[in-house]
>>> print(open('final.tsv').read())   # TSV, C-alpha atoms and all ligand atoms
chain	number	residue	atom	x	y	z
H	1	MET	CA	-1.25	12.17	14.07
H	2	ASN	CA	1.40	10.44	12.00
H	3	THR	CA	1.27	6.72	11.35
H	4	PHE	CA	4.87	6.58	10.13
H	5	GLU	CA	7.80	8.80	10.93
H	6	VAL	CA	10.76	8.08	8.70
H	7	VAL	CA	14.11	9.62	9.63
H	8	ASP	CA	17.14	9.71	7.34
H	9	LEU	CA	16.35	6.42	5.70
H	10	ASN	CA	19.04	5.03	3.40
H	11	LEU	CA	18.76	1.71	1.61
H	12	TRP	CA	21.20	-0.20	-0.58
H	13	TYR	CA	20.68	-3.26	-2.78
H	14	GLY	CA	24.24	-4.52	-2.73
H	15	SER	CA	26.22	-1.47	-3.82
H	16	ASN	CA	23.24	0.23	-5.53
H	17	GLN	CA	21.78	2.91	-3.27
H	18	ALA	CA	18.02	3.08	-3.83
H	19	LEU	CA	16.97	5.48	-1.03
H	20	ARG	CA	18.93	8.55	0.13
H	21	ASP	CA	18.24	10.31	3.43
H	22	VAL	CA	14.48	10.01	3.13
H	23	ARG	CA	12.64	11.93	5.81
H	24	ILE	CA	8.86	11.94	5.86
H	25	ASP	CA	5.94	11.85	8.29
H	26	ILE	CA	3.00	9.96	6.87
H	27	PRO	CA	-0.29	11.20	8.30
H	28	ALA	CA	-2.90	8.84	9.73
H	29	ASN	CA	-6.25	8.36	7.99
H	30	ARG	CA	-5.13	10.05	4.84
H	31	VAL	CA	-4.10	8.84	1.40
H	32	THR	CA	-0.45	9.54	0.61
H	33	ALA	CA	0.66	9.03	-3.00
H	34	LEU	CA	4.27	8.28	-3.94
H	35	ILE	CA	5.03	9.59	-7.42
H	36	GLY	CA	8.09	9.92	-9.65
H	37	PRO	CA	9.75	8.30	-12.64
H	38	SER	CA	10.31	4.60	-12.75
H	39	GLY	CA	13.33	3.27	-10.84
H	40	CYS	CA	13.41	6.18	-8.38
H	41	GLY	CA	12.74	4.16	-5.23
H	42	LYS	CA	8.98	4.53	-4.73
H	43	SER	CA	8.26	0.85	-4.48
H	44	THR	CA	11.38	0.24	-2.40
H	45	PHE	CA	10.27	2.94	0.02
H	46	LEU	CA	6.74	1.50	0.23
H	47	ARG	CA	8.18	-1.91	1.02
H	48	THR	CA	10.33	-0.58	3.83
H	49	LEU	CA	7.10	0.33	5.65
H	50	ASN	CA	6.31	-3.32	6.28
H	51	ARG	CA	9.83	-4.69	6.19
H	52	MET	CA	9.39	-6.52	2.88
H	53	ASN	CA	13.08	-5.80	2.34
H	54	ASP	CA	13.80	-8.37	5.07
H	55	LEU	CA	13.16	-10.96	2.41
H	56	ILE	CA	16.11	-9.80	0.28
H	57	SER	CA	19.45	-10.78	1.75
H	58	THR	CA	21.54	-8.14	-0.04
H	59	VAL	CA	19.58	-5.19	1.37
H	60	ARG	CA	21.21	-2.88	3.89
H	61	ILE	CA	19.26	-0.19	5.71
H	62	GLU	CA	20.28	2.80	7.80
H	63	GLY	CA	18.00	5.27	9.50
H	64	SER	CA	14.72	4.63	11.21
H	65	VAL	CA	11.08	3.99	10.44
H	66	LEU	CA	8.71	4.52	13.33
H	67	PHE	CA	5.25	2.98	13.14
H	68	ASN	CA	3.03	4.56	15.79
H	69	GLY	CA	6.22	5.61	17.54
H	70	ARG	CA	7.79	2.14	17.49
H	71	ASP	CA	10.99	1.50	15.51
H	72	ILE	CA	10.04	-1.25	13.08
H	73	TYR	CA	13.71	-2.08	12.41
H	74	ALA	CA	14.58	-2.49	16.08
H	75	PRO	CA	15.82	-6.05	16.66
H	76	ALA	CA	13.00	-6.71	19.12
H	77	THR	CA	10.27	-5.86	16.61
H	78	ASP	CA	8.52	-8.92	15.25
H	79	ALA	CA	8.06	-8.56	11.46
H	80	ALA	CA	5.14	-11.01	11.33
H	81	GLU	CA	3.36	-9.07	14.03
H	82	LEU	CA	4.04	-5.82	12.21
H	83	ARG	CA	2.54	-7.17	9.00
H	84	LYS	CA	-0.74	-7.83	10.82
H	85	HIS	CA	-1.05	-4.07	11.12
H	86	VAL	CA	0.31	-3.18	7.70
H	87	GLY	CA	-1.42	-4.84	4.74
H	88	MET	CA	0.01	-4.75	1.25
H	89	VAL	CA	-1.53	-5.10	-2.21
H	90	PHE	CA	0.64	-5.49	-5.30
H	91	GLN	CA	0.54	-4.44	-8.93
H	92	LYS	CA	-0.68	-7.77	-10.15
H	93	ALA	CA	-3.59	-9.32	-8.30
H	94	ASN	CA	-2.36	-12.50	-6.63
H	95	PRO	CA	-5.36	-14.42	-5.31
H	96	PHE	CA	-4.51	-17.79	-3.80
H	97	PRO	CA	-5.73	-20.73	-5.94
H	98	MET	CA	-8.64	-21.45	-3.62
H	99	SER	CA	-12.21	-20.24	-3.15
H	100	ILE	CA	-13.17	-16.59	-2.68
H	101	TYR	CA	-14.19	-17.42	0.89
H	102	ASP	CA	-10.93	-19.20	1.71
H	103	ASN	CA	-8.84	-16.36	0.31
H	104	ILE	CA	-10.42	-13.93	2.76
H	105	ALA	CA	-10.50	-16.39	5.67
H	106	TYR	CA	-6.83	-17.30	5.15
H	107	GLY	CA	-5.26	-14.58	7.33
H	108	PRO	CA	-7.79	-14.80	10.17
H	109	ARG	CA	-7.29	-18.60	10.21
H	110	VAL	CA	-3.51	-18.20	10.34
H	111	HIS	CA	-4.07	-15.93	13.32
H	112	GLY	CA	-6.13	-18.60	15.06
H	113	MET	CA	-9.76	-17.86	14.16
H	114	ARG	CA	-11.63	-21.17	13.89
H	115	ARG	CA	-15.35	-20.64	14.50
H	116	LYS	CA	-17.34	-20.69	11.30
H	117	SER	CA	-19.70	-17.96	12.45
H	118	GLU	CA	-16.76	-15.64	13.17
H	119	LEU	CA	-15.09	-16.43	9.87
H	120	ASP	CA	-18.37	-15.86	8.01
H	121	THR	CA	-18.63	-12.44	9.59
H	122	VAL	CA	-15.06	-11.45	8.74
H	123	VAL	CA	-15.45	-12.66	5.15
H	124	GLU	CA	-18.65	-10.69	4.61
H	125	ASP	CA	-17.35	-7.58	6.35
H	126	SER	CA	-14.06	-7.58	4.41
H	127	LEU	CA	-15.78	-8.10	1.07
H	128	ARG	CA	-18.22	-5.30	1.84
H	129	ARG	CA	-15.40	-2.94	2.77
H	130	ALA	CA	-13.69	-3.78	-0.50
H	131	ALA	CA	-16.93	-3.10	-2.39
H	132	LEU	CA	-17.03	-6.66	-3.72
H	133	TRP	CA	-19.70	-8.37	-1.62
H	134	ASP	CA	-22.65	-7.66	-3.91
H	135	GLU	CA	-20.80	-9.16	-6.86
H	136	VAL	CA	-19.67	-12.38	-5.18
H	137	SER	CA	-22.00	-13.15	-2.25
H	138	ASP	CA	-23.73	-15.92	-4.23
H	139	ARG	CA	-20.50	-17.66	-5.25
H	140	LEU	CA	-18.19	-17.57	-2.26
H	141	LYS	CA	-17.20	-21.20	-2.78
H	142	LYS	CA	-16.11	-20.59	-6.38
H	143	SER	CA	-12.46	-20.24	-7.22
H	144	ALA	CA	-11.07	-16.73	-6.80
H	145	LEU	CA	-9.31	-17.26	-10.11
H	146	SER	CA	-12.71	-17.16	-11.86
H	147	LEU	CA	-13.06	-13.45	-11.03
H	148	SER	CA	-12.20	-10.62	-13.43
H	149	GLY	CA	-8.92	-8.72	-12.99
H	150	GLY	CA	-10.60	-5.81	-11.22
H	151	GLN	CA	-12.55	-8.14	-8.95
H	152	GLN	CA	-9.37	-10.07	-8.14
H	153	GLN	CA	-7.66	-6.85	-7.12
H	154	ARG	CA	-10.58	-5.91	-4.84
H	155	LEU	CA	-10.40	-9.46	-3.46
H	156	CYS	CA	-6.74	-8.86	-2.61
H	157	ILE	CA	-7.73	-5.65	-0.84
H	158	ALA	CA	-10.45	-7.54	1.05
H	159	ARG	CA	-7.89	-10.21	1.98
H	160	ALA	CA	-5.58	-7.54	3.34
H	161	LEU	CA	-8.43	-5.95	5.33
H	162	ALA	CA	-9.53	-9.27	6.85
H	163	VAL	CA	-6.79	-9.18	9.48
H	164	HIS	CA	-7.83	-5.66	10.52
H	165	PRO	CA	-4.69	-3.76	9.57
H	166	GLU	CA	-4.22	-0.11	10.35
H	167	VAL	CA	-2.37	0.63	7.15
H	168	LEU	CA	-2.90	-0.36	3.55
H	169	LEU	CA	0.06	-0.15	1.17
H	170	LEU	CA	-0.85	-0.22	-2.53
H	171	ASP	CA	1.95	-0.76	-5.03
H	172	GLU	CA	0.66	0.31	-8.47
H	173	SER	CA	-2.46	-1.64	-7.65
H	174	THR	CA	-4.51	-0.37	-10.57
H	175	SER	CA	-1.87	-0.29	-13.27
H	176	ALA	CA	-2.98	-3.60	-14.80
H	177	LEU	CA	-6.69	-2.72	-14.74
H	178	ASP	CA	-9.22	-1.26	-17.17
H	179	PRO	CA	-10.59	2.26	-16.49
H	180	ILE	CA	-13.83	1.03	-14.90
H	181	SER	CA	-12.06	-1.25	-12.41
H	182	THR	CA	-9.52	1.49	-11.76
H	183	GLY	CA	-12.33	3.92	-10.98
H	184	GLN	CA	-13.90	1.42	-8.58
H	185	ILE	CA	-10.63	0.98	-6.72
H	186	GLU	CA	-9.97	4.71	-6.59
H	187	GLU	CA	-13.42	5.24	-5.11
H	188	LEU	CA	-12.77	2.46	-2.64
H	189	VAL	CA	-9.48	4.04	-1.54
H	190	GLY	CA	-11.34	7.27	-0.84
H	191	GLU	CA	-13.72	5.33	1.42
H	192	LEU	CA	-11.02	3.33	3.17
H	193	LYS	CA	-9.11	6.32	4.46
H	194	LYS	CA	-11.83	6.86	7.07
H	195	ASP	CA	-10.56	3.76	8.82
H	196	TYR	CA	-7.05	3.21	7.45
H	197	THR	CA	-3.88	5.03	6.57
H	198	VAL	CA	-3.29	4.44	2.86
H	199	VAL	CA	0.06	4.80	1.09
H	200	MET	CA	0.03	4.18	-2.64
H	201	VAL	CA	2.65	4.10	-5.36
H	202	THR	CA	1.27	5.29	-8.65
H	203	HIS	CA	2.90	6.12	-11.96
H	204	ASN	CA	-0.32	7.87	-12.93
H	205	MET	CA	-0.20	11.51	-11.89
H	206	GLN	CA	-3.91	12.04	-12.56
H	207	GLN	CA	-4.65	9.21	-10.19
H	208	ALA	CA	-2.55	10.86	-7.49
H	209	VAL	CA	-4.49	14.09	-8.03
H	210	ARG	CA	-7.83	12.27	-7.90
H	211	VAL	CA	-7.31	10.18	-4.79
H	212	SER	CA	-4.49	11.43	-2.58
H	213	ASP	CA	-4.42	14.03	0.18
H	214	HIS	CA	-0.64	14.30	0.24
H	215	ALA	CA	1.93	13.46	-2.40
H	216	ALA	CA	5.63	12.65	-2.21
H	217	PHE	CA	7.83	13.13	-5.27
H	218	PHE	CA	10.80	10.76	-5.51
H	219	LEU	CA	13.73	11.24	-7.87
H	220	LEU	CA	16.82	9.02	-7.98
H	221	GLY	CA	16.24	7.75	-4.46
H	222	ASN	CA	15.71	11.21	-3.00
H	223	LEU	CA	12.44	12.49	-1.63
H	224	VAL	CA	12.41	15.83	-3.44
H	225	GLU	CA	9.19	17.19	-2.04
H	226	PHE	CA	6.29	16.15	0.15
H	227	ALA	CA	3.23	18.35	0.33
H	228	PRO	CA	-0.55	18.43	0.19
H	229	THR	CA	-1.40	17.05	-3.25
H	230	ASP	CA	-2.93	20.28	-4.44
H	231	LYS	CA	0.20	22.21	-3.55
H	232	LEU	CA	2.60	19.65	-4.96
H	233	PHE	CA	0.85	19.73	-8.32
H	234	ASN	CA	-0.06	23.40	-8.55
H	235	ASN	CA	2.50	25.32	-6.57
H	236	PRO	CA	5.50	23.14	-5.74
H	237	ASP	CA	8.51	24.58	-3.94
H	238	ASP	CA	11.18	22.66	-5.87
H	239	PRO	CA	11.78	23.35	-9.57
H	240	LYS	CA	12.40	19.62	-10.15
H	241	THR	CA	8.89	18.89	-8.88
H	242	ALA	CA	7.50	21.60	-11.14
H	243	ASP	CA	9.28	20.08	-14.14
H	244	TYR	CA	8.00	16.61	-13.35
H	245	VAL	CA	4.37	17.44	-12.64
H	246	SER	CA	4.18	19.61	-15.73
H	247	GLY	CA	5.38	16.66	-17.82
H	248	ARG	CA	8.77	18.07	-18.80
H	249	PHE	CA	10.37	14.73	-17.96
H	250	GLY	CA	9.02	11.35	-17.01
H	301	LIG	P1	10.25	2.64	-8.53
H	301	LIG	O1	9.23	2.03	-7.65
H	301	LIG	O2	10.34	4.13	-8.38
H	301	LIG	O3	10.10	2.24	-9.97
H	301	LIG	P2	12.14	0.80	-7.32
H	301	LIG	O4	12.01	1.01	-5.86
H	301	LIG	O5	11.44	-0.37	-7.91
H	301	LIG	O6	11.69	2.14	-8.07
H	301	LIG	O7	13.68	0.71	-7.72
H	301	LIG	C1	14.65	1.62	-7.21
H	301	LIG	C2	16.05	1.09	-7.54
H	301	LIG	O8	16.28	-0.11	-6.79
H	301	LIG	C3	16.25	0.72	-9.00
H	301	LIG	O9	17.59	1.02	-9.32
H	301	LIG	C4	16.02	-0.77	-9.00
H	301	LIG	O10	16.75	-1.37	-10.04
H	301	LIG	C5	16.57	-1.19	-7.66
H	301	LIG	N1	15.87	-2.40	-7.13
H	301	LIG	C6	14.55	-2.52	-6.88
H	301	LIG	N2	14.27	-3.75	-6.39
H	301	LIG	C7	15.43	-4.43	-6.35
H	301	LIG	C8	15.81	-5.76	-5.95
H	301	LIG	N3	14.90	-6.62	-5.48
H	301	LIG	N4	17.11	-6.11	-6.04
H	301	LIG	C9	18.03	-5.23	-6.50
H	301	LIG	N5	17.75	-3.98	-6.90
H	301	LIG	C10	16.47	-3.57	-6.83
>>> encode(input="final.tsv", output="structure tokens", more="lines below")
Ligand code: ADP
Amino acid sequence: MNTFEVVDLNLWYGSNQALRDVRIDIPANRVTALIGPSGCGKSTFLRTLNRMNDLISTVRIEGSVLFNGRDIYAPATDAAELRKHVGMVFQKANPFPMSIYDNIAYGPRVHGMRRKSELDTVVEDSLRRAALWDEVSDRLKKSALSLSGGQQQRLCIARALAVHPEVLLLDESTSALDPISTGQIEELVGELKKDYTVVMVTHNMQQAVRVSDHAAFFLLGNLVEFAPTDKLFNNPDDPKTADYVSGRFG
């Protein structure tokens, strides 16, 4: 089963082409890592999966992205509805300036959930899934901004999970964290793939090796190679992949 099927995707920011004929099937309930040097289109590609590029007026897209068989760029597709199914977590944790509880309850409330008992359940469940509950259960009414960086990032994951997405997109979500928090999030990602499809951009090749099942190597807007992570790192088909994963350029 593939969650996304991307066919000949091209994307331009004004006259700057950032993605070139990208073709990839992203498998369900697996972790797919996007790797490659900086500026090669990884983050742009990730953002096309939940139509973040809609927010930039100079972007032009050709090709198609199917989510569970549905073309997410078809005019009839509702971007807000799509984003209920596709959660995103960014490089820098961005908790809302409100309590831990209200951060998690925010999305469910926007989608119409009002009963306190239901909200309580979603908040606890989401924080448990994000491996944060035990650390914050006694201070849910405290500001989310009082948490450590690693806790804030797990809070952002919990907030994304609270609306029951199918997909979690992580854009360099551990790059601002210390090794212990990074390890906690990597472990969490391994757990989450049971229930979610995870796609993560990482500039850290060791992280891709540790947590991903499949890896996609981007270079100058091209998807050079997509393969099981073990193959991509140990026995890649393309010499450019071999050069990159062996550290000959970065
Ligand atoms: P990566 O994630 O691999 O570092 P990006 O997707 O961020 O690469 O960038 C790919 C290319 O698109 C770069 O040339 C970058 O300058 C350009 N780009 C990224 N975001 C924008 C934007 N919002 N507006 C214009 N150009 C952008």
>>> atom_distance(input="final.tsv", atom1="atom CA of H:Ala93", atom2="atom CA of H:Asn10")
29.2 Å
>>> atom_distance(input="final.tsv", atom1="atom CA of H:Leu19", atom2="atom CA of H:Gly221")
4.2 Å
>>> residues_near_ligand(input="final.tsv", ligand="ligand LIG 301 (chain H)", cutoff="9 Å", atoms="only C-alpha atoms and all ligand atoms", output="PyMOL selection string")
chain H and resi 11-14+16-19+34-47+53+56+58-59+171-172+201-203+218-221
>>> write_last_selection(input="final.tsv", atoms="C-alpha atoms", output="PDB file, keeping the file's coordinate frame")
ATOM      1  CA  LEU H  11      18.760   1.710   1.610  1.00  0.00           C
ATOM      2  CA  TRP H  12      21.200  -0.200  -0.580  1.00  0.00           C
ATOM      3  CA  TYR H  13      20.680  -3.260  -2.780  1.00  0.00           C
ATOM      4  CA  GLY H  14      24.240  -4.520  -2.730  1.00  0.00           C
ATOM      5  CA  ASN H  16      23.240   0.230  -5.530  1.00  0.00           C
ATOM      6  CA  GLN H  17      21.780   2.910  -3.270  1.00  0.00           C
ATOM      7  CA  ALA H  18      18.020   3.080  -3.830  1.00  0.00           C
ATOM      8  CA  LEU H  19      16.970   5.480  -1.030  1.00  0.00           C
ATOM      9  CA  LEU H  34       4.270   8.280  -3.940  1.00  0.00           C
ATOM     10  CA  ILE H  35       5.030   9.590  -7.420  1.00  0.00           C
ATOM     11  CA  GLY H  36       8.090   9.920  -9.650  1.00  0.00           C
ATOM     12  CA  PRO H  37       9.750   8.300 -12.640  1.00  0.00           C
ATOM     13  CA  SER H  38      10.310   4.600 -12.750  1.00  0.00           C
ATOM     14  CA  GLY H  39      13.330   3.270 -10.840  1.00  0.00           C
ATOM     15  CA  CYS H  40      13.410   6.180  -8.380  1.00  0.00           C
ATOM     16  CA  GLY H  41      12.740   4.160  -5.230  1.00  0.00           C
ATOM     17  CA  LYS H  42       8.980   4.530  -4.730  1.00  0.00           C
ATOM     18  CA  SER H  43       8.260   0.850  -4.480  1.00  0.00           C
ATOM     19  CA  THR H  44      11.380   0.240  -2.400  1.00  0.00           C
ATOM     20  CA  PHE H  45      10.270   2.940   0.020  1.00  0.00           C
ATOM     21  CA  LEU H  46       6.740   1.500   0.230  1.00  0.00           C
ATOM     22  CA  ARG H  47       8.180  -1.910   1.020  1.00  0.00           C
ATOM     23  CA  ASN H  53      13.080  -5.800   2.340  1.00  0.00           C
ATOM     24  CA  ILE H  56      16.110  -9.800   0.280  1.00  0.00           C
ATOM     25  CA  THR H  58      21.540  -8.140  -0.040  1.00  0.00           C
ATOM     26  CA  VAL H  59      19.580  -5.190   1.370  1.00  0.00           C
ATOM     27  CA  ASP H 171       1.950  -0.760  -5.030  1.00  0.00           C
ATOM     28  CA  GLU H 172       0.660   0.310  -8.470  1.00  0.00           C
ATOM     29  CA  VAL H 201       2.650   4.100  -5.360  1.00  0.00           C
ATOM     30  CA  THR H 202       1.270   5.290  -8.650  1.00  0.00           C
ATOM     31  CA  HIS H 203       2.900   6.120 -11.960  1.00  0.00           C
ATOM     32  CA  PHE H 218      10.800  10.760  -5.510  1.00  0.00           C
ATOM     33  CA  LEU H 219      13.730  11.240  -7.870  1.00  0.00           C
ATOM     34  CA  LEU H 220      16.820   9.020  -7.980  1.00  0.00           C
ATOM     35  CA  GLY H 221      16.240   7.750  -4.460  1.00  0.00           C
TER      36      GLY H 221
END
>>> residues_near_point(input="final.tsv", point="(1.9, 18.6, -7.1)", cutoff="10 Å", atoms="all atoms listed in the file", output="CSV table (one decimal) with C-alpha atoms, keeping the file's coordinate frame")
chain,number,residue,atom,x,y,z
H,35,ILE,CA,5.0,9.6,-7.4
H,205,MET,CA,-0.2,11.5,-11.9
H,208,ALA,CA,-2.6,10.9,-7.5
H,209,VAL,CA,-4.5,14.1,-8.0
H,214,HIS,CA,-0.6,14.3,0.2
H,215,ALA,CA,1.9,13.5,-2.4
H,216,ALA,CA,5.6,12.6,-2.2
H,217,PHE,CA,7.8,13.1,-5.3
H,225,GLU,CA,9.2,17.2,-2.0
H,226,PHE,CA,6.3,16.2,0.2
H,227,ALA,CA,3.2,18.4,0.3
H,228,PRO,CA,-0.6,18.4,0.2
H,229,THR,CA,-1.4,17.0,-3.2
H,230,ASP,CA,-2.9,20.3,-4.4
H,231,LYS,CA,0.2,22.2,-3.6
H,232,LEU,CA,2.6,19.6,-5.0
H,233,PHE,CA,0.8,19.7,-8.3
H,234,ASN,CA,-0.1,23.4,-8.6
H,235,ASN,CA,2.5,25.3,-6.6
H,236,PRO,CA,5.5,23.1,-5.7
H,237,ASP,CA,8.5,24.6,-3.9
H,241,THR,CA,8.9,18.9,-8.9
H,242,ALA,CA,7.5,21.6,-11.1
H,244,TYR,CA,8.0,16.6,-13.4
H,245,VAL,CA,4.4,17.4,-12.6
H,246,SER,CA,4.2,19.6,-15.7
>>> residues_around(input="final.tsv", residues="H:Val22", least_positions_apart="5", cutoff="7 Å", atoms="all atoms listed in the file", output="JSON, numbers by chain")
{"H": [6, 7, 8, 9, 10, 222, 223]}
>>> atom_distance(input="final.tsv", atom1="atom CA of H:Asn103", atom2="atom CA of H:Ala144")
7.5 Å
>>> closest_residue(input="final.tsv", among="H:Ser126, H:Thr48, H:Gln91, H:Ser146", to="H:Val163", atoms="all atoms listed in the file")
H:Ser126
>>> residues_around(input="final.tsv", residues="stretch 166-168 of chain H", least_positions_apart="3", cutoff="7 Å", atoms="only C-alpha atoms", output="PyMOL selection string")
chain H and resi 85-88+196-199
>>> residues_around(input="final.tsv", residues="H:Arg128", least_positions_apart="3", cutoff="12 Å", atoms="all atoms listed in the file", output="compact mmCIF listing (two decimals) with C-alpha atoms, in the frame of the given file")
# COMPACT_ATOMS: atom_id res chain seq x y z
CA ILE H 104 -10.42 -13.93 2.76
CA THR H 121 -18.63 -12.44 9.59
CA VAL H 122 -15.06 -11.45 8.74
CA VAL H 123 -15.45 -12.66 5.15
CA GLU H 124 -18.65 -10.69 4.61
CA ASP H 125 -17.35 -7.58 6.35
CA ALA H 131 -16.93 -3.10 -2.39
CA LEU H 132 -17.03 -6.66 -3.72
CA TRP H 133 -19.70 -8.37 -1.62
CA ASP H 134 -22.65 -7.66 -3.91
CA GLU H 135 -20.80 -9.16 -6.86
CA VAL H 136 -19.67 -12.38 -5.18
CA SER H 137 -22.00 -13.15 -2.25
CA ARG H 154 -10.58 -5.91 -4.84
CA LEU H 155 -10.40 -9.46 -3.46
CA ILE H 157 -7.73 -5.65 -0.84
CA ALA H 158 -10.45 -7.54 1.05
CA ARG H 159 -7.89 -10.21 1.98
CA LEU H 161 -8.43 -5.95 5.33
CA ALA H 162 -9.53 -9.27 6.85
CA LEU H 188 -12.77 2.46 -2.64
CA GLU H 191 -13.72 5.33 1.42
CA LEU H 192 -11.02 3.33 3.17
>>> closest_residue(input="final.tsv", among="H:Leu119, H:Leu169, H:Ala33, H:Ile72", to="H:Val89", atoms="all atoms listed in the file")
H:Leu169
>>> closest_residue(input="final.tsv", among="H:Ala105, H:Ala160, H:Gln207, H:Arg114", to="H:Ala130", atoms="all atoms listed in the file")
H:Ala160
>>> closest_residue(input="final.tsv", among="H:Pro179, H:Val224, H:Glu62, H:Gln152", to="H:Asp243", atoms="all atoms listed in the file")
H:Val224
>>> closest_residue(input="final.tsv", among="H:Leu82, H:Phe96, H:Val110, H:Ser175", to="H:Ser143", atoms="all atoms listed in the file")
H:Phe96
>>> residues_near_point(input="final.tsv", point="(3.0, 9.8, 10.8)", cutoff="8 Å", atoms="only C-alpha atoms", output="list in words")
Met1, Asn2, Thr3, Phe4, Glu5, Ile24, Asp25, Ile26, Pro27, Ala28, Phe67 and Asn68 of chain H
>>> decode(input="final.tsv", residues="stretch 116-133 of chain H", atoms="N, CA and C atoms", output="mmCIF file, in the first residue's frame")
data_model
loop_
_atom_site.group_PDB
_atom_site.id
_atom_site.type_symbol
_atom_site.label_atom_id
_atom_site.label_comp_id
_atom_site.auth_asym_id
_atom_site.auth_seq_id
_atom_site.Cartn_x
_atom_site.Cartn_y
_atom_site.Cartn_z
ATOM 1 N N LYS H 116 -15.853 18.489 27.407
ATOM 2 C CA LYS H 116 -14.607 18.433 28.160
ATOM 3 C C LYS H 116 -14.087 17.003 28.281
ATOM 4 N N SER H 117 -15.004 16.068 28.515
ATOM 5 C CA SER H 117 -14.544 14.684 28.695
ATOM 6 C C SER H 117 -13.867 14.167 27.425
ATOM 7 N N GLU H 118 -14.411 14.540 26.270
ATOM 8 C CA GLU H 118 -13.808 14.108 25.001
ATOM 9 C C GLU H 118 -12.447 14.769 24.799
ATOM 10 N N LEU H 119 -12.404 16.070 25.089
ATOM 11 C CA LEU H 119 -11.137 16.788 24.928
ATOM 12 C C LEU H 119 -10.079 16.229 25.870
ATOM 13 N N ASP H 120 -10.494 15.938 27.115
ATOM 14 C CA ASP H 120 -9.543 15.362 28.081
ATOM 15 C C ASP H 120 -8.944 14.070 27.528
ATOM 16 N N THR H 121 -9.791 13.262 26.928
ATOM 17 C CA THR H 121 -9.326 11.977 26.405
ATOM 18 C C THR H 121 -8.339 12.178 25.262
ATOM 19 N N VAL H 122 -8.681 13.094 24.346
ATOM 20 C CA VAL H 122 -7.783 13.342 23.207
ATOM 21 C C VAL H 122 -6.445 13.895 23.694
ATOM 22 N N VAL H 123 -6.489 14.803 24.664
ATOM 23 C CA VAL H 123 -5.251 15.406 25.163
ATOM 24 C C VAL H 123 -4.364 14.319 25.768
ATOM 25 N N GLU H 124 -4.953 13.486 26.623
ATOM 26 C CA GLU H 124 -4.138 12.443 27.262
ATOM 27 C C GLU H 124 -3.600 11.456 26.216
ATOM 28 N N ASP H 125 -4.467 11.030 25.332
ATOM 29 C CA ASP H 125 -4.069 10.039 24.326
ATOM 30 C C ASP H 125 -2.941 10.583 23.436
ATOM 31 N N SER H 126 -3.078 11.843 23.011
ATOM 32 C CA SER H 126 -2.069 12.422 22.113
ATOM 33 C C SER H 126 -0.733 12.582 22.836
ATOM 34 N N LEU H 127 -0.793 13.023 24.089
ATOM 35 C CA LEU H 127 0.452 13.189 24.842
ATOM 36 C C LEU H 127 1.105 11.843 25.121
ATOM 37 N N ARG H 128 0.304 10.823 25.354
ATOM 38 C CA ARG H 128 0.877 9.480 25.541
ATOM 39 C C ARG H 128 1.549 9.002 24.270
ATOM 40 N N ARG H 129 0.859 9.187 23.124
ATOM 41 C CA ARG H 129 1.446 8.733 21.865
ATOM 42 C C ARG H 129 2.755 9.450 21.564
ATOM 43 N N ALA H 130 2.848 10.689 22.005
ATOM 44 C CA ALA H 130 4.066 11.458 21.763
ATOM 45 C C ALA H 130 5.081 11.279 22.892
ATOM 46 N N ALA H 131 4.827 10.309 23.762
ATOM 47 C CA ALA H 131 5.748 9.982 24.853
ATOM 48 C C ALA H 131 6.059 11.193 25.735
ATOM 49 N N LEU H 132 5.025 11.985 26.012
ATOM 50 C CA LEU H 132 5.221 13.189 26.818
ATOM 51 C C LEU H 132 4.335 13.204 28.066
ATOM 52 N N TRP H 133 3.322 12.354 28.085
ATOM 53 C CA TRP H 133 2.320 12.388 29.149
ATOM 54 C C TRP H 133 2.934 12.327 30.539
#
